[in-house]
There are 2 protein chains.
Amino acid sequence: MRDLLKKGDFRVNGSIWVEGKGTRFFGPGPVELLQLIQETGSINQAARKMGMSYKKAWEIVSRLNEIMDSPMVITATGGEKGGGSTISEEAKQMIAWYQSLRDKFRRFMEQETEKLQ
Amino acid sequence: MRDLLKKGDFRVNGSIWVEGKGTRFFGPGPVELLQLIQETGSINQAARKMGMSYKKAWEIVSRLNEIMDSPMVITATGGEKGGGSTISEEAKQMIAWYQSLRDKFRRFMEQETEKLQ
């Protein structure tokens, strides 16, 4: 295989996600969205940082909450600052699990890339 | 992790490809295109089967030929039937290599899916 490639930088790359009920529901996008919700305390601000509409972000959060056994995003209503959103313990566990999957996948891709060089 | 998911069919899925000179150039799309060129003897027919314009197919073929050490698609000109295209031995080797990479990746995803259930 490596004989077939011209000298240069080649690498194996890819994307990995979880599907449930026939749809892709947990991958790099939802993970980034959850992390930004945690960081900003707001679905709206998280969506804006990702260049995504609030509607789209809300749909992702809503699908996550529906597919999982417990809510991923908890939105407080009322209060002086008009609520705000936070992510659940379960969401943090999902993120940690995804990151370890992504790390294993990264090692897999690095090994395959080494074989090309 | 599996405790977090509602009962149901969950699976890890993903996509894998090769990047060279900063661009994705070899993955499921180019592989399918090459296989269809081999099957039909025609870039045009292969493109049509993939619902792709001839221009787009030609761009993929052209990038493959440029990045690889030897042409992936060989187009004969002239003759009674006005030429026709075929794929090179190197293209067949690239396809076989990609399929074995995809198989390894599939086993990786299956193992991770089993851990979810």
# chains A, B, ... in the order shown; residues from 1 in each chain; ligands from 1
>>> closest_atom_pairs(of="chain A", to="chain B", cutoff="10 Å", atoms="only C-alpha atoms", output="Markdown table")
| residue | atom | partner | partner_atom | distance |
| --- | --- | --- | --- | --- |
| A:Met1 | CA | B:Met94 | CA | 6.8 |
| A:Arg2 | CA | B:Met94 | CA | 9.8 |
| A:Asp3 | CA | B:Asp69 | CA | 8.2 |
| A:Leu4 | CA | B:Asp69 | CA | 5.8 |
| A:Leu5 | CA | B:Met68 | CA | 5.1 |
| A:Lys6 | CA | B:Asp69 | CA | 5.0 |
| A:Lys7 | CA | B:Asp69 | CA | 8.7 |
| A:Gly8 | CA | B:Lys21 | CA | 7.1 |
| A:Asp9 | CA | B:Gly20 | CA | 5.8 |
| A:Phe10 | CA | B:Gly20 | CA | 4.4 |
| A:Arg11 | CA | B:Glu19 | CA | 5.3 |
| A:Val12 | CA | B:Val18 | CA | 4.5 |
| A:Asn13 | CA | B:Trp17 | CA | 5.5 |
| A:Gly14 | CA | B:Ile16 | CA | 4.1 |
| A:Ser15 | CA | B:Ser15 | CA | 5.3 |
| A:Ile16 | CA | B:Gly14 | CA | 4.1 |
| A:Trp17 | CA | B:Asn13 | CA | 5.6 |
| A:Val18 | CA | B:Val12 | CA | 4.5 |
| A:Glu19 | CA | B:Arg11 | CA | 5.3 |
| A:Gly20 | CA | B:Phe10 | CA | 4.4 |
| A:Lys21 | CA | B:Asp9 | CA | 6.2 |
| A:Gly22 | CA | B:Asp9 | CA | 8.2 |
| A:Thr23 | CA | B:Phe10 | CA | 9.4 |
| A:Arg24 | CA | B:Asn13 | CA | 8.4 |
| A:Phe25 | CA | B:Phe10 | CA | 9.9 |
| A:Phe26 | CA | B:Val12 | CA | 9.4 |
| A:Gly27 | CA | B:Gly14 | CA | 9.5 |
| A:Glu66 | CA | B:Lys6 | CA | 9.2 |
| A:Ile67 | CA | B:Lys6 | CA | 6.6 |
| A:Met68 | CA | B:Leu5 | CA | 5.1 |
| A:Asp69 | CA | B:Lys6 | CA | 5.0 |
| A:Ser70 | CA | B:Leu4 | CA | 7.4 |
| A:Glu90 | CA | B:Leu4 | CA | 6.9 |
| A:Ala91 | CA | B:Leu4 | CA | 9.1 |
| A:Gln93 | CA | B:Met1 | CA | 7.3 |
| A:Met94 | CA | B:Met1 | CA | 6.8 |
| A:Ala96 | CA | B:Met1 | CA | 9.5 |
| A:Trp97 | CA | B:Met1 | CA | 6.9 |
| A:Tyr98 | CA | B:Met1 | CA | 9.5 |
| A:Leu101 | CA | B:Glu112 | CA | 7.9 |
| A:Lys104 | CA | B:Phe108 | CA | 9.3 |
| A:Phe105 | CA | B:Phe108 | CA | 8.2 |
| A:Phe108 | CA | B:Phe105 | CA | 8.2 |
| A:Met109 | CA | B:Ile16 | CA | 8.8 |
| A:Glu112 | CA | B:Leu101 | CA | 7.9 |
| A:Thr113 | CA | B:Val18 | CA | 8.7 |
| A:Leu116 | CA | B:Val18 | CA | 10.0 |
>>> write_last_selection(atoms="C-alpha atoms", output="compact mmCIF listing (two decimals), in the first residue's frame")
# COMPACT_ATOMS: atom_id res chain seq x y z
CA MET A 1 0.00 0.00 0.00
CA ARG A 2 2.66 2.53 0.98
CA ASP A 3 4.39 1.79 -2.33
CA LEU A 4 1.30 3.09 -4.07
CA LEU A 5 1.38 6.48 -2.43
CA LYS A 6 3.64 9.28 -3.57
CA LYS A 7 5.99 10.58 -0.92
CA GLY A 8 4.08 12.88 1.35
CA ASP A 9 1.98 13.09 4.44
CA PHE A 10 -0.81 10.60 4.39
CA ARG A 11 -2.96 9.73 7.33
CA VAL A 12 -5.96 7.63 8.18
CA ASN A 13 -8.71 9.76 9.68
CA GLY A 14 -12.32 9.18 10.57
CA SER A 15 -15.37 9.96 12.60
CA ILE A 16 -17.18 7.87 15.22
CA TRP A 17 -20.60 8.19 16.86
CA VAL A 18 -23.41 6.27 18.56
CA GLU A 19 -26.68 5.42 16.84
CA GLY A 20 -29.87 4.61 18.70
CA LYS A 21 -33.32 3.93 17.29
CA GLY A 22 -31.92 4.24 13.79
CA THR A 23 -30.46 7.72 14.14
CA ARG A 24 -27.05 9.12 14.91
CA PHE A 25 -27.51 10.84 18.25
CA PHE A 26 -24.17 11.04 20.04
CA GLY A 27 -20.95 12.11 18.35
CA GLU A 66 -35.51 11.46 24.88
CA ILE A 67 -33.06 8.67 24.03
CA MET A 68 -31.26 8.59 27.37
CA ASP A 69 -32.69 7.24 30.58
CA SER A 70 -32.25 10.59 32.29
CA GLU A 90 -25.10 11.40 33.30
CA ALA A 91 -24.15 13.82 30.51
CA GLN A 93 -20.39 10.38 32.12
CA MET A 94 -21.49 10.15 28.46
CA ALA A 96 -16.17 10.88 29.38
CA TRP A 97 -17.23 7.61 27.76
CA TYR A 98 -17.22 9.19 24.28
CA LEU A 101 -13.96 5.77 22.70
CA LYS A 104 -9.16 4.29 21.35
CA PHE A 105 -10.25 5.14 17.82
CA PHE A 108 -6.40 2.67 15.95
CA MET A 109 -6.04 5.34 13.24
CA GLU A 112 -2.97 2.31 10.55
CA THR A 113 -1.30 5.59 9.57
CA LEU A 116 1.34 3.79 5.45
>>> calpha_fit_and_write(fixed="chain A", moving="chain B", output="compact mmCIF listing (two decimals) with N, CA and C atoms, in the first residue's frame")
# COMPACT_ATOMS: atom_id res chain seq x y z
N MET B 1 0.83 -1.17 0.00
CA MET B 1 -0.01 0.03 -0.01
C MET B 1 0.84 1.30 0.01
N ARG B 2 1.84 1.33 0.91
CA ARG B 2 2.64 2.56 0.98
C ARG B 2 3.43 2.78 -0.31
N ASP B 3 3.70 1.69 -1.04
CA ASP B 3 4.41 1.84 -2.31
C ASP B 3 3.54 2.57 -3.33
N LEU B 4 2.23 2.52 -3.09
CA LEU B 4 1.31 3.13 -4.05
C LEU B 4 1.21 4.64 -3.87
N LEU B 5 1.57 5.11 -2.69
CA LEU B 5 1.38 6.53 -2.40
C LEU B 5 2.65 7.31 -2.70
N LYS B 6 2.50 8.44 -3.33
CA LYS B 6 3.65 9.33 -3.54
C LYS B 6 4.19 9.75 -2.18
N LYS B 7 5.47 10.08 -2.14
CA LYS B 7 6.02 10.60 -0.88
C LYS B 7 5.16 11.77 -0.39
N GLY B 8 4.88 11.80 0.88
CA GLY B 8 4.09 12.91 1.39
C GLY B 8 3.41 12.50 2.67
N ASP B 9 2.67 13.42 3.24
CA ASP B 9 1.99 13.12 4.48
C ASP B 9 0.62 12.52 4.21
N PHE B 10 0.49 11.27 4.51
CA PHE B 10 -0.80 10.62 4.41
C PHE B 10 -1.24 10.20 5.79
N ARG B 11 -2.52 10.29 6.06
CA ARG B 11 -2.97 9.74 7.33
C ARG B 11 -4.39 9.20 7.23
N VAL B 12 -4.64 8.19 8.07
CA VAL B 12 -5.97 7.63 8.18
C VAL B 12 -6.72 8.51 9.16
N ASN B 13 -7.90 8.94 8.78
CA ASN B 13 -8.72 9.75 9.68
C ASN B 13 -10.16 9.24 9.61
N GLY B 14 -10.96 9.65 10.56
CA GLY B 14 -12.33 9.16 10.56
C GLY B 14 -13.19 9.84 11.60
N SER B 15 -14.41 9.38 11.68
CA SER B 15 -15.38 9.94 12.60
C SER B 15 -16.13 8.78 13.25
N ILE B 16 -16.52 8.95 14.50
CA ILE B 16 -17.20 7.85 15.21
C ILE B 16 -18.34 8.42 16.03
N TRP B 17 -19.43 7.68 16.13
CA TRP B 17 -20.61 8.17 16.83
C TRP B 17 -21.45 7.00 17.32
N VAL B 18 -22.49 7.29 18.09
CA VAL B 18 -23.41 6.25 18.56
C VAL B 18 -24.77 6.46 17.90
N GLU B 19 -25.34 5.36 17.41
CA GLU B 19 -26.69 5.40 16.85
C GLU B 19 -27.65 4.70 17.79
N GLY B 20 -28.83 5.23 17.91
CA GLY B 20 -29.88 4.62 18.72
C GLY B 20 -31.19 4.84 18.02
N LYS B 21 -32.04 3.84 18.02
CA LYS B 21 -33.33 3.94 17.34
C LYS B 21 -33.18 4.44 15.91
N GLY B 22 -32.14 3.94 15.25
CA GLY B 22 -31.94 4.24 13.83
C GLY B 22 -31.35 5.59 13.50
N THR B 23 -31.09 6.44 14.50
CA THR B 23 -30.48 7.73 14.16
C THR B 23 -29.19 7.97 14.93
N ARG B 24 -28.31 8.69 14.30
CA ARG B 24 -27.06 9.11 14.92
C ARG B 24 -27.43 10.13 16.00
N PHE B 25 -27.11 9.85 17.24
CA PHE B 25 -27.51 10.83 18.27
C PHE B 25 -26.39 11.29 19.16
N PHE B 26 -25.25 10.58 19.16
CA PHE B 26 -24.17 11.01 20.04
C PHE B 26 -22.84 10.91 19.32
N GLY B 27 -22.24 12.05 19.04
CA GLY B 27 -20.96 12.09 18.36
C GLY B 27 -20.30 13.43 18.65
N PRO B 28 -19.34 13.84 17.82
CA PRO B 28 -18.57 15.06 18.11
C PRO B 28 -19.45 16.31 18.30
N GLY B 29 -20.50 16.45 17.48
CA GLY B 29 -21.36 17.65 17.58
C GLY B 29 -22.08 17.76 18.91
N PRO B 30 -22.90 16.74 19.28
CA PRO B 30 -23.58 16.78 20.57
C PRO B 30 -22.61 16.92 21.76
N VAL B 31 -21.44 16.27 21.67
CA VAL B 31 -20.47 16.38 22.76
C VAL B 31 -20.01 17.83 22.91
N GLU B 32 -19.68 18.46 21.78
CA GLU B 32 -19.23 19.86 21.84
C GLU B 32 -20.35 20.75 22.38
N LEU B 33 -21.58 20.49 21.94
CA LEU B 33 -22.72 21.28 22.40
C LEU B 33 -22.89 21.15 23.92
N LEU B 34 -22.85 19.92 24.43
CA LEU B 34 -23.00 19.71 25.88
C LEU B 34 -21.87 20.42 26.64
N GLN B 35 -20.65 20.31 26.13
CA GLN B 35 -19.52 20.94 26.81
C GLN B 35 -19.69 22.47 26.85
N LEU B 36 -20.21 23.03 25.76
CA LEU B 36 -20.40 24.48 25.72
C LEU B 36 -21.56 24.91 26.61
N ILE B 37 -22.59 24.07 26.74
CA ILE B 37 -23.69 24.39 27.67
C ILE B 37 -23.14 24.41 29.09
N GLN B 38 -22.28 23.43 29.40
CA GLN B 38 -21.67 23.38 30.72
C GLN B 38 -20.83 24.64 30.98
N GLU B 39 -20.11 25.06 29.94
CA GLU B 39 -19.18 26.19 30.07
C GLU B 39 -19.94 27.52 30.21
N THR B 40 -20.99 27.67 29.39
CA THR B 40 -21.68 28.97 29.33
C THR B 40 -22.93 29.02 30.20
N GLY B 41 -23.46 27.87 30.59
CA GLY B 41 -24.70 27.84 31.36
C GLY B 41 -25.91 28.21 30.52
N SER B 42 -25.79 28.11 29.20
CA SER B 42 -26.88 28.58 28.34
C SER B 42 -26.90 27.83 27.00
N ILE B 43 -28.05 27.28 26.65
CA ILE B 43 -28.18 26.59 25.36
C ILE B 43 -27.98 27.61 24.23
N ASN B 44 -28.54 28.81 24.44
CA ASN B 44 -28.47 29.84 23.42
C ASN B 44 -27.02 30.25 23.12
N GLN B 45 -26.26 30.49 24.18
CA GLN B 45 -24.85 30.88 23.99
C GLN B 45 -24.03 29.73 23.39
N ALA B 46 -24.32 28.52 23.85
CA ALA B 46 -23.60 27.36 23.33
C ALA B 46 -23.86 27.23 21.82
N ALA B 47 -25.15 27.38 21.43
CA ALA B 47 -25.52 27.29 20.02
C ALA B 47 -24.78 28.35 19.21
N ARG B 48 -24.77 29.59 19.75
CA ARG B 48 -24.12 30.69 19.03
C ARG B 48 -22.64 30.40 18.80
N LYS B 49 -21.97 29.86 19.83
CA LYS B 49 -20.54 29.54 19.69
C LYS B 49 -20.28 28.49 18.62
N MET B 50 -21.30 27.66 18.38
CA MET B 50 -21.13 26.64 17.35
C MET B 50 -21.67 27.08 15.99
N GLY B 51 -22.14 28.33 15.91
CA GLY B 51 -22.71 28.81 14.66
C GLY B 51 -23.98 28.06 14.28
N MET B 52 -24.75 27.70 15.33
CA MET B 52 -25.93 26.86 15.15
C MET B 52 -27.14 27.64 15.65
N SER B 53 -28.31 27.42 15.05
CA SER B 53 -29.49 28.11 15.55
C SER B 53 -29.91 27.53 16.90
N TYR B 54 -30.63 28.34 17.69
CA TYR B 54 -31.14 27.86 18.97
C TYR B 54 -32.06 26.67 18.74
N LYS B 55 -32.85 26.75 17.68
CA LYS B 55 -33.80 25.68 17.35
C LYS B 55 -33.08 24.35 17.13
N LYS B 56 -32.00 24.39 16.36
CA LYS B 56 -31.22 23.19 16.06
C LYS B 56 -30.60 22.62 17.36
N ALA B 57 -30.04 23.51 18.18
CA ALA B 57 -29.42 23.07 19.45
C ALA B 57 -30.48 22.45 20.35
N TRP B 58 -31.65 23.09 20.37
CA TRP B 58 -32.72 22.59 21.22
C TRP B 58 -33.18 21.20 20.73
N GLU B 59 -33.20 21.00 19.43
CA GLU B 59 -33.58 19.69 18.87
C GLU B 59 -32.58 18.60 19.28
N ILE B 60 -31.28 18.94 19.25
CA ILE B 60 -30.25 17.97 19.63
C ILE B 60 -30.43 17.60 21.12
N VAL B 61 -30.60 18.62 21.96
CA VAL B 61 -30.78 18.41 23.39
C VAL B 61 -32.03 17.58 23.66
N SER B 62 -33.08 17.92 22.94
CA SER B 62 -34.35 17.25 23.13
C SER B 62 -34.25 15.77 22.73
N ARG B 63 -33.53 15.46 21.64
CA ARG B 63 -33.35 14.08 21.21
C ARG B 63 -32.48 13.32 22.22
N LEU B 64 -31.45 13.98 22.73
CA LEU B 64 -30.60 13.35 23.76
C LEU B 64 -31.43 12.99 24.99
N ASN B 65 -32.21 13.96 25.47
CA ASN B 65 -33.03 13.74 26.66
C ASN B 65 -34.02 12.59 26.45
N GLU B 66 -34.51 12.50 25.21
CA GLU B 66 -35.51 11.48 24.90
C GLU B 66 -34.89 10.08 24.85
N ILE B 67 -33.69 9.98 24.24
CA ILE B 67 -33.07 8.67 24.05
C ILE B 67 -32.44 8.14 25.34
N MET B 68 -31.93 9.03 26.18
CA MET B 68 -31.27 8.59 27.40
C MET B 68 -32.29 8.32 28.51
N ASP B 69 -31.83 7.59 29.49
CA ASP B 69 -32.71 7.25 30.61
C ASP B 69 -33.01 8.47 31.48
N SER B 70 -32.10 9.41 31.49
CA SER B 70 -32.27 10.59 32.33
C SER B 70 -31.86 11.82 31.52
N PRO B 71 -32.40 13.00 31.87
CA PRO B 71 -32.11 14.18 31.07
C PRO B 71 -30.61 14.51 31.02
N MET B 72 -30.16 14.95 29.88
CA MET B 72 -28.75 15.34 29.70
C MET B 72 -28.56 16.81 30.06
N VAL B 73 -29.60 17.60 29.75
CA VAL B 73 -29.54 19.04 30.02
C VAL B 73 -30.69 19.41 30.94
N ILE B 74 -30.36 20.13 31.99
CA ILE B 74 -31.38 20.54 32.96
C ILE B 74 -31.51 22.06 32.87
N THR B 75 -32.72 22.51 32.59
CA THR B 75 -32.93 23.94 32.45
C THR B 75 -33.76 24.45 33.61
N ALA B 76 -33.20 25.40 34.33
CA ALA B 76 -33.91 26.01 35.45
C ALA B 76 -34.76 27.15 34.90
N THR B 77 -35.97 27.27 35.38
CA THR B 77 -36.81 28.38 34.92
C THR B 77 -36.96 29.41 36.04
N GLY B 78 -37.24 30.62 35.64
CA GLY B 78 -37.47 31.69 36.61
C GLY B 78 -36.20 32.12 37.32
N GLY B 79 -36.32 32.76 38.45
CA GLY B 79 -35.17 33.26 39.20
C GLY B 79 -34.73 34.61 38.67
N GLU B 80 -33.82 35.24 39.35
CA GLU B 80 -33.40 36.60 39.02
C GLU B 80 -32.83 36.69 37.60
N LYS B 81 -31.99 35.68 37.24
CA LYS B 81 -31.35 35.70 35.92
C LYS B 81 -32.15 34.93 34.86
N GLY B 82 -33.39 34.60 35.21
CA GLY B 82 -34.26 33.93 34.22
C GLY B 82 -33.83 32.53 33.88
N GLY B 83 -33.33 31.81 34.86
CA GLY B 83 -32.98 30.40 34.64
C GLY B 83 -31.56 30.18 34.20
N GLY B 84 -31.39 29.34 33.22
CA GLY B 84 -30.05 28.93 32.79
C GLY B 84 -30.02 27.42 32.70
N SER B 85 -29.06 26.90 31.95
CA SER B 85 -29.01 25.46 31.74
C SER B 85 -27.72 24.86 32.25
N THR B 86 -27.81 23.63 32.64
CA THR B 86 -26.63 22.92 33.11
C THR B 86 -26.72 21.48 32.61
N ILE B 87 -25.60 20.79 32.59
CA ILE B 87 -25.66 19.40 32.14
C ILE B 87 -25.64 18.46 33.34
N SER B 88 -26.28 17.31 33.18
CA SER B 88 -26.41 16.37 34.29
C SER B 88 -25.14 15.55 34.49
N GLU B 89 -25.09 14.86 35.63
CA GLU B 89 -23.99 13.94 35.91
C GLU B 89 -23.90 12.88 34.82
N GLU B 90 -25.06 12.42 34.35
CA GLU B 90 -25.11 11.40 33.30
C GLU B 90 -24.49 11.95 32.00
N ALA B 91 -24.75 13.23 31.71
CA ALA B 91 -24.17 13.83 30.50
C ALA B 91 -22.64 13.84 30.62
N LYS B 92 -22.15 14.16 31.83
CA LYS B 92 -20.69 14.17 32.04
C LYS B 92 -20.11 12.77 31.83
N GLN B 93 -20.86 11.76 32.30
CA GLN B 93 -20.40 10.38 32.11
C GLN B 93 -20.39 10.00 30.62
N MET B 94 -21.44 10.43 29.89
CA MET B 94 -21.51 10.15 28.46
C MET B 94 -20.33 10.80 27.73
N ILE B 95 -20.02 12.04 28.10
CA ILE B 95 -18.90 12.75 27.47
C ILE B 95 -17.59 12.01 27.75
N ALA B 96 -17.40 11.59 29.01
CA ALA B 96 -16.16 10.89 29.37
C ALA B 96 -16.07 9.57 28.60
N TRP B 97 -17.22 8.86 28.49
CA TRP B 97 -17.23 7.60 27.75
C TRP B 97 -16.88 7.84 26.28
N TYR B 98 -17.49 8.90 25.68
CA TYR B 98 -17.23 9.18 24.27
C TYR B 98 -15.76 9.53 24.06
N GLN B 99 -15.19 10.30 25.00
CA GLN B 99 -13.79 10.69 24.85
C GLN B 99 -12.86 9.48 24.91
N SER B 100 -13.23 8.49 25.75
CA SER B 100 -12.37 7.32 25.81
C SER B 100 -12.52 6.48 24.53
N LEU B 101 -13.75 6.43 23.98
CA LEU B 101 -13.96 5.76 22.69
C LEU B 101 -13.15 6.45 21.60
N ARG B 102 -13.21 7.79 21.58
CA ARG B 102 -12.48 8.59 20.58
C ARG B 102 -10.97 8.36 20.70
N ASP B 103 -10.49 8.24 21.94
CA ASP B 103 -9.05 8.00 22.16
C ASP B 103 -8.64 6.63 21.61
N LYS B 104 -9.47 5.63 21.87
CA LYS B 104 -9.16 4.29 21.34
C LYS B 104 -9.16 4.31 19.82
N PHE B 105 -10.15 5.02 19.26
CA PHE B 105 -10.25 5.13 17.80
C PHE B 105 -9.03 5.88 17.25
N ARG B 106 -8.60 6.92 17.97
CA ARG B 106 -7.43 7.68 17.53
C ARG B 106 -6.19 6.79 17.48
N ARG B 107 -6.04 5.94 18.51
CA ARG B 107 -4.88 5.02 18.51
C ARG B 107 -4.98 4.05 17.33
N PHE B 108 -6.18 3.56 17.07
CA PHE B 108 -6.40 2.66 15.94
C PHE B 108 -5.96 3.35 14.63
N MET B 109 -6.38 4.61 14.45
CA MET B 109 -6.05 5.33 13.22
C MET B 109 -4.55 5.63 13.14
N GLU B 110 -3.94 5.91 14.28
CA GLU B 110 -2.49 6.17 14.30
C GLU B 110 -1.71 4.93 13.88
N GLN B 111 -2.15 3.77 14.41
CA GLN B 111 -1.47 2.52 14.03
C GLN B 111 -1.59 2.29 12.52
N GLU B 112 -2.78 2.53 11.97
CA GLU B 112 -2.98 2.31 10.53
C GLU B 112 -2.20 3.34 9.72
N THR B 113 -2.08 4.55 10.25
CA THR B 113 -1.31 5.59 9.56
C THR B 113 0.17 5.22 9.53
N GLU B 114 0.68 4.67 10.64
CA GLU B 114 2.09 4.25 10.68
C GLU B 114 2.40 3.22 9.60
N LYS B 115 1.45 2.34 9.35
CA LYS B 115 1.67 1.32 8.34
C LYS B 115 1.81 1.92 6.93
N LEU B 116 1.28 3.13 6.76
CA LEU B 116 1.35 3.79 5.44
C LEU B 116 2.71 4.43 5.20
N GLN B 117 3.48 4.63 6.30
CA GLN B 117 4.70 5.44 6.16
C GLN B 117 6.00 4.64 6.21
>>> select_by_dssp(residues="stretch 23-116 of chain B", states="strand (DSSP E or B)", output="list in words")
Thr23, Arg24, Phe25, Phe26, Met68, Val73, Ile74, Thr75, Ala76, Gly84, Ser85, Thr86 and Ile87 of chain B
>>> select_by_dssp(residues="stretch 1-72 of chain A", states="alpha helix (DSSP H)", output="ChimeraX atom specification")
/A:28-40,43-49,54-67
>>> write_last_selection(atoms="C-alpha atoms", output="PDB file, in the first residue's frame")
ATOM      1  CA  PRO A  28     -18.577  15.077  18.113  1.00  0.00           C
ATOM      2  CA  GLY A  29     -21.357  17.671  17.584  1.00  0.00           C
ATOM      3  CA  PRO A  30     -23.570  16.807  20.584  1.00  0.00           C
ATOM      4  CA  VAL A  31     -20.464  16.388  22.761  1.00  0.00           C
ATOM      5  CA  GLU A  32     -19.245  19.875  21.846  1.00  0.00           C
ATOM      6  CA  LEU A  33     -22.723  21.298  22.416  1.00  0.00           C
ATOM      7  CA  LEU A  34     -22.989  19.722  25.896  1.00  0.00           C
ATOM      8  CA  GLN A  35     -19.514  20.961  26.820  1.00  0.00           C
ATOM      9  CA  LEU A  36     -20.414  24.487  25.729  1.00  0.00           C
ATOM     10  CA  ILE A  37     -23.686  24.385  27.667  1.00  0.00           C
ATOM     11  CA  GLN A  38     -21.667  23.388  30.734  1.00  0.00           C
ATOM     12  CA  GLU A  39     -19.196  26.200  30.070  1.00  0.00           C
ATOM     13  CA  THR A  40     -21.687  28.974  29.330  1.00  0.00           C
ATOM     14  CA  ILE A  43     -28.196  26.591  25.365  1.00  0.00           C
ATOM     15  CA  ASN A  44     -28.481  29.830  23.427  1.00  0.00           C
ATOM     16  CA  GLN A  45     -24.874  30.887  24.000  1.00  0.00           C
ATOM     17  CA  ALA A  46     -23.611  27.359  23.322  1.00  0.00           C
ATOM     18  CA  ALA A  47     -25.524  27.292  20.029  1.00  0.00           C
ATOM     19  CA  ARG A  48     -24.135  30.694  19.045  1.00  0.00           C
ATOM     20  CA  LYS A  49     -20.545  29.559  19.713  1.00  0.00           C
ATOM     21  CA  TYR A  54     -31.142  27.852  18.958  1.00  0.00           C
ATOM     22  CA  LYS A  55     -33.811  25.661  17.340  1.00  0.00           C
ATOM     23  CA  LYS A  56     -31.214  23.190  16.058  1.00  0.00           C
ATOM     24  CA  ALA A  57     -29.438  23.070  19.449  1.00  0.00           C
ATOM     25  CA  TRP A  58     -32.726  22.584  21.219  1.00  0.00           C
ATOM     26  CA  GLU A  59     -33.566  19.685  18.865  1.00  0.00           C
ATOM     27  CA  ILE A  60     -30.252  17.970  19.648  1.00  0.00           C
ATOM     28  CA  VAL A  61     -30.769  18.415  23.395  1.00  0.00           C
ATOM     29  CA  SER A  62     -34.354  17.244  23.124  1.00  0.00           C
ATOM     30  CA  ARG A  63     -33.349  14.081  21.205  1.00  0.00           C
ATOM     31  CA  LEU A  64     -30.600  13.346  23.740  1.00  0.00           C
ATOM     32  CA  ASN A  65     -33.034  13.729  26.651  1.00  0.00           C
ATOM     33  CA  GLU A  66     -35.510  11.457  24.883  1.00  0.00           C
ATOM     34  CA  ILE A  67     -33.058   8.665  24.035  1.00  0.00           C
TER      35      ILE A  67
END
>>> decode(residues="stretch 91-105 of chain B", atoms="N, CA and C atoms", output="short mmCIF file (atom, residue, chain, number, x, y, z; two decimals), in the first residue's frame")
data_model
loop_
_atom_site.label_atom_id
_atom_site.label_comp_id
_atom_site.auth_asym_id
_atom_site.auth_seq_id
_atom_site.Cartn_x
_atom_site.Cartn_y
_atom_site.Cartn_z
N ALA B 91 -5.30 0.59 -8.52
CA ALA B 91 -6.61 0.95 -7.97
C ALA B 91 -7.22 -0.26 -7.27
N LYS B 92 -7.07 -1.44 -7.89
CA LYS B 92 -7.61 -2.66 -7.28
C LYS B 92 -6.93 -2.93 -5.94
N GLN B 93 -5.61 -2.68 -5.90
CA GLN B 93 -4.88 -2.86 -4.64
C GLN B 93 -5.35 -1.87 -3.57
N MET B 94 -5.58 -0.61 -3.99
CA MET B 94 -6.06 0.41 -3.05
C MET B 94 -7.43 0.00 -2.50
N ILE B 95 -8.30 -0.49 -3.37
CA ILE B 95 -9.64 -0.91 -2.94
C ILE B 95 -9.52 -2.06 -1.93
N ALA B 96 -8.66 -3.04 -2.24
CA ALA B 96 -8.49 -4.19 -1.34
C ALA B 96 -7.95 -3.72 0.01
N TRP B 97 -6.97 -2.78 -0.04
CA TRP B 97 -6.40 -2.26 1.20
C TRP B 97 -7.47 -1.54 2.01
N TYR B 98 -8.29 -0.71 1.33
CA TYR B 98 -9.33 0.04 2.05
C TYR B 98 -10.34 -0.92 2.67
N GLN B 99 -10.69 -1.98 1.93
CA GLN B 99 -11.67 -2.93 2.46
C GLN B 99 -11.15 -3.64 3.70
N SER B 100 -9.83 -3.91 3.72
CA SER B 100 -9.30 -4.57 4.91
C SER B 100 -9.25 -3.59 6.09
N LEU B 101 -8.96 -2.31 5.80
CA LEU B 101 -9.02 -1.27 6.84
C LEU B 101 -10.44 -1.16 7.38
N ARG B 102 -11.41 -1.13 6.47
CA ARG B 102 -12.83 -1.01 6.85
C ARG B 102 -13.27 -2.21 7.70
N ASP B 103 -12.76 -3.39 7.35
CA ASP B 103 -13.10 -4.60 8.12
C ASP B 103 -12.54 -4.52 9.54
N LYS B 104 -11.30 -4.06 9.66
CA LYS B 104 -10.70 -3.92 10.99
C LYS B 104 -11.49 -2.90 11.81
N PHE B 105 -11.87 -1.80 11.14
CA PHE B 105 -12.64 -0.75 11.81
C PHE B 105 -14.01 -1.30 12.23
#
